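Colleague: Here you go, query.txt (compact mmCIF, C-alpha atoms and all ligand atoms):
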# COMPACT_ATOMS: atom_id res chain seq x y z
CA MET A 1 59.51 29.36 129.89
CA THR A 2 60.19 26.47 127.53
CA THR A 3 63.41 26.81 125.59
CA VAL A 4 63.76 25.47 122.08
CA SER A 5 67.08 23.89 121.32
CA ALA A 6 68.98 24.89 118.17
CA ARG A 7 70.19 21.39 117.41
CA GLY A 8 69.47 19.94 114.00
CA PRO A 9 66.52 17.63 113.45
CA GLY A 10 66.96 14.04 114.50
CA PRO A 11 66.96 11.35 111.83
CA GLY A 12 63.50 11.04 110.29
CA THR A 13 62.13 14.09 112.13
CA PRO A 14 60.92 16.79 109.74
CA LEU A 15 62.37 20.21 110.45
CA LEU A 16 58.79 21.49 110.58
CA ALA A 17 55.60 19.50 111.14
CA LEU A 18 52.07 20.83 111.54
CA ARG A 19 49.68 18.42 113.21
CA ASP A 20 45.93 19.00 113.09
CA VAL A 21 46.40 22.76 113.21
CA ARG A 22 43.18 24.72 113.66
CA LYS A 23 42.69 28.44 113.49
CA SER A 24 39.61 30.58 113.20
CA PHE A 25 38.96 34.30 113.37
CA GLY A 26 35.97 36.07 114.92
CA SER A 27 33.32 34.57 117.17
CA GLY A 28 29.67 33.59 117.17
CA ALA A 29 27.95 34.00 113.82
CA ASP A 30 31.04 35.84 112.51
CA ARG A 31 33.41 32.99 113.30
CA LYS A 32 35.43 31.99 110.25
CA VAL A 33 37.38 28.75 110.28
CA VAL A 34 40.55 29.31 108.26
CA LEU A 35 42.69 26.28 109.14
CA ASP A 36 40.56 23.23 109.81
CA GLY A 37 42.98 20.49 110.83
CA VAL A 38 46.06 21.05 108.67
CA ASP A 39 48.87 18.48 108.61
CA LEU A 40 52.07 19.32 106.81
CA ASP A 41 55.74 18.28 106.91
CA VAL A 42 58.80 20.16 105.70
CA ALA A 43 61.98 18.08 105.70
CA ALA A 44 65.28 19.88 106.22
CA GLY A 45 66.68 20.92 102.85
CA SER A 46 63.35 20.62 101.05
CA CYS A 47 60.89 23.10 99.58
CA VAL A 48 57.15 22.81 100.16
CA VAL A 49 54.88 25.12 98.19
CA VAL A 50 51.36 25.89 99.43
CA VAL A 51 48.84 26.82 96.74
CA GLY A 52 45.16 27.61 96.98
CA SER A 53 42.68 30.25 95.99
CA SER A 54 42.64 33.67 97.58
CA GLY A 55 41.46 33.43 101.19
CA SER A 56 42.22 29.71 101.50
CA GLY A 57 44.50 30.34 104.48
CA LYS A 58 48.01 30.28 103.00
CA SER A 59 49.21 33.41 104.80
CA THR A 60 47.58 32.33 108.03
CA LEU A 61 49.41 29.02 107.82
CA LEU A 62 52.78 30.77 107.42
CA ARG A 63 51.95 33.27 110.15
CA VAL A 64 51.12 30.42 112.53
CA VAL A 65 54.56 28.91 111.86
CA ASP A 66 56.26 32.28 112.48
CA LEU A 67 54.23 32.64 115.71
CA LEU A 68 52.51 35.77 114.41
CA GLU A 69 49.18 34.02 114.98
CA GLU A 70 48.29 31.71 117.85
CA VAL A 71 46.73 28.38 116.91
CA ASP A 72 43.38 27.40 118.44
CA ASP A 73 44.43 23.78 118.50
CA GLY A 74 47.06 21.41 117.13
CA GLN A 75 50.83 21.35 117.12
CA VAL A 76 53.54 23.28 115.29
CA LEU A 77 56.61 21.11 115.72
CA LEU A 78 60.08 22.45 115.07
CA ASP A 79 62.51 19.56 115.29
CA GLY A 80 59.75 17.72 117.11
CA GLU A 81 59.22 20.40 119.77
CA ASP A 82 55.86 22.11 119.93
CA VAL A 83 56.48 25.83 119.41
CA ALA A 84 52.73 26.60 119.49
CA ASP A 85 52.94 26.03 123.23
CA PRO A 86 52.15 29.47 124.76
CA TRP A 87 55.09 29.08 127.16
CA VAL A 88 57.66 28.69 124.44
CA ASP A 89 60.37 31.34 124.04
CA ALA A 90 59.01 32.92 120.84
CA ASP A 91 62.18 34.94 120.18
CA ALA A 92 64.27 31.78 120.29
CA VAL A 93 61.91 30.17 117.79
CA ARG A 94 61.88 33.19 115.48
CA ALA A 95 65.68 33.29 115.54
CA ARG A 96 65.56 29.97 113.67
CA LEU A 97 63.04 31.17 111.08
CA ALA A 98 62.80 34.05 108.66
CA MET A 99 59.74 35.30 106.85
CA VAL A 100 59.49 37.45 103.74
CA PHE A 101 56.18 39.19 103.08
CA GLN A 102 54.35 40.49 100.06
CA GLN A 103 55.25 44.04 101.12
CA TYR A 104 58.99 44.37 101.56
CA ASN A 105 58.68 46.28 104.87
CA LEU A 106 62.12 47.86 104.59
CA PHE A 107 62.73 50.86 106.84
CA PRO A 108 62.64 53.83 104.44
CA HIS A 109 65.00 55.98 106.53
CA LEU A 110 67.74 53.34 106.61
CA ARG A 111 70.15 52.49 103.81
CA VAL A 112 69.87 49.00 102.40
CA LEU A 113 72.97 47.84 104.30
CA ASP A 114 71.54 49.16 107.57
CA ASN A 115 68.21 47.46 106.91
CA VAL A 116 70.08 44.17 106.59
CA THR A 117 72.33 44.72 109.64
CA LEU A 118 69.55 45.97 111.94
CA ALA A 119 68.36 42.64 113.36
CA PRO A 120 71.85 41.13 113.73
CA ARG A 121 73.05 44.25 115.57
CA VAL A 122 70.02 45.05 117.69
CA VAL A 123 68.51 41.63 118.35
CA HIS A 124 71.55 39.39 118.16
CA ARG A 125 74.12 41.92 119.43
CA VAL A 126 76.54 41.20 116.60
CA PRO A 127 79.33 43.83 116.47
CA ARG A 128 78.86 46.38 113.69
CA ALA A 129 81.88 45.34 111.57
CA GLU A 130 80.89 41.68 111.70
CA ALA A 131 77.23 42.46 110.91
CA GLU A 132 78.23 44.65 107.98
CA ALA A 133 80.55 41.98 106.58
CA ALA A 134 77.75 39.39 106.74
CA ALA A 135 75.22 41.84 105.25
CA SER A 136 77.58 42.79 102.42
CA ALA A 137 78.11 39.11 101.58
CA MET A 138 74.34 38.56 101.57
CA LEU A 139 73.71 41.62 99.39
CA GLU A 140 76.32 40.27 96.99
CA ARG A 141 74.47 36.94 97.02
CA VAL A 142 71.18 38.58 96.01
CA GLY A 143 72.87 40.76 93.39
CA LEU A 144 72.63 44.06 95.25
CA ALA A 145 76.25 44.74 96.23
CA ASP A 146 76.13 48.07 94.39
CA LYS A 147 72.97 49.19 96.25
CA ALA A 148 74.25 48.79 99.82
CA ARG A 149 74.41 52.57 100.34
CA ALA A 150 71.09 53.33 98.61
CA TYR A 151 67.82 54.05 100.38
CA PRO A 152 64.84 51.77 99.67
CA ASP A 153 63.00 54.38 97.59
CA GLN A 154 65.98 54.51 95.23
CA LEU A 155 65.43 50.83 94.39
CA SER A 156 62.90 49.13 92.13
CA GLY A 157 60.28 46.90 93.75
CA GLY A 158 62.20 43.81 92.67
CA GLN A 159 65.42 45.16 94.19
CA GLN A 160 63.60 46.06 97.41
CA GLN A 161 62.22 42.55 97.65
CA ARG A 162 65.71 41.11 97.03
CA ALA A 163 67.00 43.34 99.84
CA ALA A 164 64.20 41.98 102.08
CA ILE A 165 65.30 38.45 101.18
CA ALA A 166 68.92 39.35 102.06
CA ARG A 167 67.67 40.68 105.39
CA ALA A 168 65.76 37.46 106.03
CA LEU A 169 68.76 35.29 105.23
CA VAL A 170 71.51 37.19 107.00
CA ASN A 171 71.03 35.39 110.32
CA GLY A 172 71.25 31.99 108.63
CA PRO A 173 67.68 30.82 109.34
CA GLU A 174 66.96 27.11 109.23
CA LEU A 175 63.62 27.71 107.51
CA LEU A 176 62.65 30.49 105.12
CA LEU A 177 58.94 31.35 104.95
CA LEU A 178 57.91 33.16 101.78
CA ASP A 179 54.44 34.68 101.65
CA GLU A 180 53.41 35.71 98.12
CA VAL A 181 56.66 37.60 97.76
CA THR A 182 56.02 38.60 94.14
CA SER A 183 52.36 39.62 94.47
CA ALA A 184 53.06 43.33 94.98
CA LEU A 185 55.52 43.55 92.08
CA ASP A 186 54.96 44.87 88.59
CA PRO A 187 54.91 41.87 86.23
CA GLU A 188 58.26 42.76 84.66
CA LEU A 189 59.95 42.61 88.10
CA VAL A 190 58.60 39.23 89.17
CA GLY A 191 61.18 37.20 87.22
CA GLU A 192 64.25 38.58 88.98
CA VAL A 193 62.85 37.68 92.41
CA LEU A 194 61.74 34.19 91.35
CA ASP A 195 65.13 33.58 89.70
CA LEU A 196 66.83 34.53 92.96
CA LEU A 197 64.60 32.15 94.93
CA LEU A 198 65.28 29.33 92.49
CA SER A 199 68.98 29.93 92.87
CA LEU A 200 68.69 30.01 96.68
CA ARG A 201 66.77 26.77 96.50
CA HIS A 202 69.15 24.95 94.20
CA GLU A 203 72.51 26.48 95.15
CA GLY A 204 71.71 27.46 98.73
CA VAL A 205 73.55 30.02 100.80
CA ALA A 206 77.18 29.40 101.73
CA GLY A 207 76.85 25.84 100.43
CA ARG A 208 73.83 25.04 102.64
CA PRO A 209 70.49 24.26 100.95
CA THR A 210 67.73 26.68 101.94
CA THR A 211 64.71 24.94 103.44
CA MET A 212 61.59 26.76 102.27
CA LEU A 213 57.87 26.90 102.94
CA VAL A 214 56.34 29.03 100.21
CA ALA A 215 52.87 30.43 99.51
CA THR A 216 52.51 31.53 95.92
CA HIS A 217 50.16 32.01 93.00
CA GLU A 218 53.05 31.55 90.55
CA MET A 219 52.40 28.07 89.23
CA SER A 220 55.40 27.80 86.91
CA PHE A 221 57.62 28.81 89.83
CA ALA A 222 55.89 26.23 92.05
CA ARG A 223 56.63 23.56 89.45
CA GLU A 224 60.30 24.47 89.33
CA VAL A 225 61.02 25.06 92.98
CA ALA A 226 58.86 22.58 94.90
CA ASP A 227 59.66 19.12 96.16
CA GLU A 228 56.08 18.96 97.31
CA VAL A 229 53.00 21.01 96.47
CA VAL A 230 50.21 21.26 99.03
CA PHE A 231 46.83 22.41 97.78
CA LEU A 232 44.85 24.12 100.51
CA HIS A 233 41.07 24.26 100.14
CA ASP A 234 38.37 25.02 102.70
CA GLY A 235 41.00 25.12 105.44
CA ARG A 236 42.25 21.62 104.73
CA VAL A 237 45.00 20.01 102.72
CA HIS A 238 42.97 18.89 99.76
CA GLU A 239 45.86 17.39 97.80
CA ARG A 240 49.58 16.99 98.24
CA GLY A 241 52.31 15.49 96.12
CA THR A 242 54.96 16.31 93.58
CA PRO A 243 54.23 19.36 91.41
CA THR A 244 53.27 17.04 88.56
CA GLN A 245 50.90 15.01 90.73
CA VAL A 246 49.10 18.05 92.11
CA LEU A 247 49.26 20.61 89.32
CA ASP A 248 49.10 18.47 86.20
CA ASP A 249 46.79 15.62 87.17
CA PRO A 250 43.67 15.93 84.98
CA GLN A 251 41.71 13.77 87.45
CA GLN A 252 41.92 16.39 90.18
CA GLU A 253 38.86 18.43 89.44
CA ARG A 254 39.20 21.01 92.19
CA THR A 255 42.82 21.69 91.31
CA ARG A 256 41.82 22.16 87.70
CA GLU A 257 39.12 24.65 88.71
CA PHE A 258 41.64 26.53 90.80
CA LEU A 259 44.21 26.62 88.02
CA ARG A 260 41.59 27.84 85.55
CA ARG A 261 40.82 30.75 87.86
CA LEU A 262 44.49 31.68 88.07
CA ARG A 263 44.99 31.78 84.30
N1 LIG B 1 43.48 38.81 111.56
C1 LIG B 1 42.40 38.37 110.90
N2 LIG B 1 41.16 38.65 111.35
C2 LIG B 1 40.05 38.19 110.73
N3 LIG B 1 40.09 37.47 109.59
C3 LIG B 1 41.29 37.16 109.08
C4 LIG B 1 42.51 37.60 109.70
N4 LIG B 1 43.56 37.13 108.96
C5 LIG B 1 43.01 36.45 107.93
N5 LIG B 1 41.67 36.47 108.01
C6 LIG B 1 40.74 35.80 107.07
O1 LIG B 1 41.17 34.47 106.93
C7 LIG B 1 40.98 34.04 105.59
C8 LIG B 1 42.30 33.49 105.06
O2 LIG B 1 43.20 34.58 104.90
P1 LIG B 1 44.68 34.34 104.38
O3 LIG B 1 45.29 35.71 104.23
O4 LIG B 1 45.36 33.37 105.24
O5 LIG B 1 44.40 33.69 102.95
P2 LIG B 1 45.39 33.53 101.70
O6 LIG B 1 45.16 32.18 101.15
O7 LIG B 1 46.79 33.87 102.10
O8 LIG B 1 44.83 34.62 100.70
P3 LIG B 1 45.59 35.44 99.53
O9 LIG B 1 46.00 34.43 98.50
O10 LIG B 1 44.53 36.37 99.04
O11 LIG B 1 46.75 36.13 100.18
C9 LIG B 1 40.43 35.21 104.81
O12 LIG B 1 39.04 35.07 104.73
C10 LIG B 1 40.81 36.39 105.67
O13 LIG B 1 39.91 37.44 105.50
Mind turning the file's structure into structure tokens?
Ligand SMILES: Nc1ncnc2c1ncn2[C@@H]1O[C@H](COP(=O)(O)OP(=O)(O)OP(=O)(O)O)[C@@H](O)[C@H]1O
Modeller:
Amino acid sequence: MTTVSARGPGPGTPLLALRDVRKSFGSGADRKVVLDGVDLDVAAGSCVVVVGSSGSGKSTLLRVVDLLEEVDDGQVLLDGEDVADPWVDADAVRARLAMVFQQYNLFPHLRVLDNVTLAPRVVHRVPRAEAEAAASAMLERVGLADKARAYPDQLSGGQQQRAAIARALVNGPELLLLDEVTSALDPELVGEVLDLLLSLRHEGVAGRPTTMLVATHEMSFAREVADEVVFLHDGRVHERGTPTQVLDDPQQERTREFLRRLR
């Protein structure tokens, strides 16, 4: 089994790099190519936002990074080491990443604090008192200190998603993967989650900037949060650049079409 070291990236090495990543689903006439040679870099401390129309492969791309989907071909390099290698220790890789989904996926029978301490205690064998101290600090960070003893169904959707973000961050991941985390929320609850993500991006956690790879349909959020926007189309990176270059360039016809559809 290949082990993946937890050292920081070497100078000039992106924390995450995708190289010619290919992924399709189905076979024969039903085969659907979803990622058709995707290249992408995420530098440590930066935020890359992936946009694209529904079905363009944004979730698949994030799931490939989190090793929830196997690639057909190409490399997923974490600190320069290929974690798409089938022999890699997937748990060691996932310990360095955290993913937040559209659905919050909190355990309904566990209090919020216990949802946040579950992975540290069960997977990482952190003693209960230590795990609870870390979870309490993270709940404070996401503005849910007063909900630690509540059950998920006693929280609004926005609060549940903030609890899911606390759970994702409690182990101090090097890279946070965010997959359409506001899509399931009522419109009036979207703002509180995006505000939290902006604050995590700009202020970090415990003084450390949060490196993020984000899939979203929220264009104003993408403008504010992203160092780089990547526009996925037909399984390929169609455009990449600063938010202004990609989202506001009137010459980019396909981006304009896409933005029109979102409005
Ligand atoms: N496990 C799977 N089996 C078969 N097809 C799949 C699977 N996962 C995704 N797909 C297909 O791959 C394509 C890309 O899906 P994906 O969820 O990555 O797109 P997306 O850009 O995230 O879409 P959305 O914005 O609607 O969430 C879609 O056509 C989808 O139906």
Colleague: Output the neighbourhood of ligand LIG 1 (chain B) as a list of chain:residue names, that is, all protein and nucleic acid residues with some atom at most 8 Å from the ligand, counting only C-alpha atoms and all ligand atoms.
Modeller: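 Selection of residues at most 8 Å from ligand LIG 1 (chain B): A:Ser24, A:Phe25, A:Gly26, A:Lys32, A:Val33, A:Val34, A:Val51, A:Gly52, A:Ser53, A:Ser54, A:Gly55, A:Ser56, A:Gly57, A:Lys58, A:Ser59, A:Thr60, A:Leu61, A:Asp179, A:Glu180, A:Ala215, A:Thr216, A:His217.
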Colleague: Find the distance between CA of Asp153 in chain A and CA of Asp186 in chain A and write it in Å to one decimal.
Modeller: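 If I compute the distance from CA of Asp153 in chain A to CA of Asp186 in chain A, I get 15.4 Å.
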Colleague: Measuring between all atoms listed in the file, which one of A:Arg94, A:His233, A:Arg19, A:Arg208 shows the shortest distance to Ala168 in chain A?
Modeller: A:Arg94
Colleague: Which residue is closest to Gln159 in chain A? Choose from A:Val205, A:Val83, A:Ala129, A:Val112 and count only C-alpha atoms.
Modeller: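 Smallest separation from Gln159 in chain A among the options: A:Val112.
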Colleague: Could you give me, as an MDAnalysis selection string, the residues within 12 Å of Val76 in chain A, counting all atoms listed in the file and dropping anything in the same chain fewer than 6 positions from it?
Modeller: chainID A and resid 14:22 37:42 61:67 69:70 82:86 88 93
Colleague: Keeping only C-alpha atoms, write the selected residues as a tab-separated table (two decimals), keeping the file's coordinate frame.
Modeller:
chain	number	residue	atom	x	y	z
A	14	PRO	CA	60.92	16.79	109.74
A	15	LEU	CA	62.37	20.21	110.45
A	16	LEU	CA	58.79	21.49	110.58
A	17	ALA	CA	55.60	19.50	111.14
A	18	LEU	CA	52.07	20.83	111.54
A	19	ARG	CA	49.68	18.42	113.21
A	20	ASP	CA	45.93	19.00	113.09
A	21	VAL	CA	46.40	22.76	113.21
A	22	ARG	CA	43.18	24.72	113.66
A	37	GLY	CA	42.98	20.49	110.83
A	38	VAL	CA	46.06	21.05	108.67
A	39	ASP	CA	48.87	18.48	108.61
A	40	LEU	CA	52.07	19.32	106.81
A	41	ASP	CA	55.74	18.28	106.91
A	42	VAL	CA	58.80	20.16	105.70
A	61	LEU	CA	49.41	29.02	107.82
A	62	LEU	CA	52.78	30.77	107.42
A	63	ARG	CA	51.95	33.27	110.15
A	64	VAL	CA	51.12	30.42	112.53
A	65	VAL	CA	54.56	28.91	111.86
A	66	ASP	CA	56.26	32.28	112.48
A	67	LEU	CA	54.23	32.64	115.71
A	69	GLU	CA	49.18	34.02	114.98
A	70	GLU	CA	48.29	31.71	117.85
A	82	ASP	CA	55.86	22.11	119.93
A	83	VAL	CA	56.48	25.83	119.41
A	84	ALA	CA	52.73	26.60	119.49
A	85	ASP	CA	52.94	26.03	123.23
A	86	PRO	CA	52.15	29.47	124.76
A	88	VAL	CA	57.66	28.69	124.44
A	93	VAL	CA	61.91	30.17	117.79
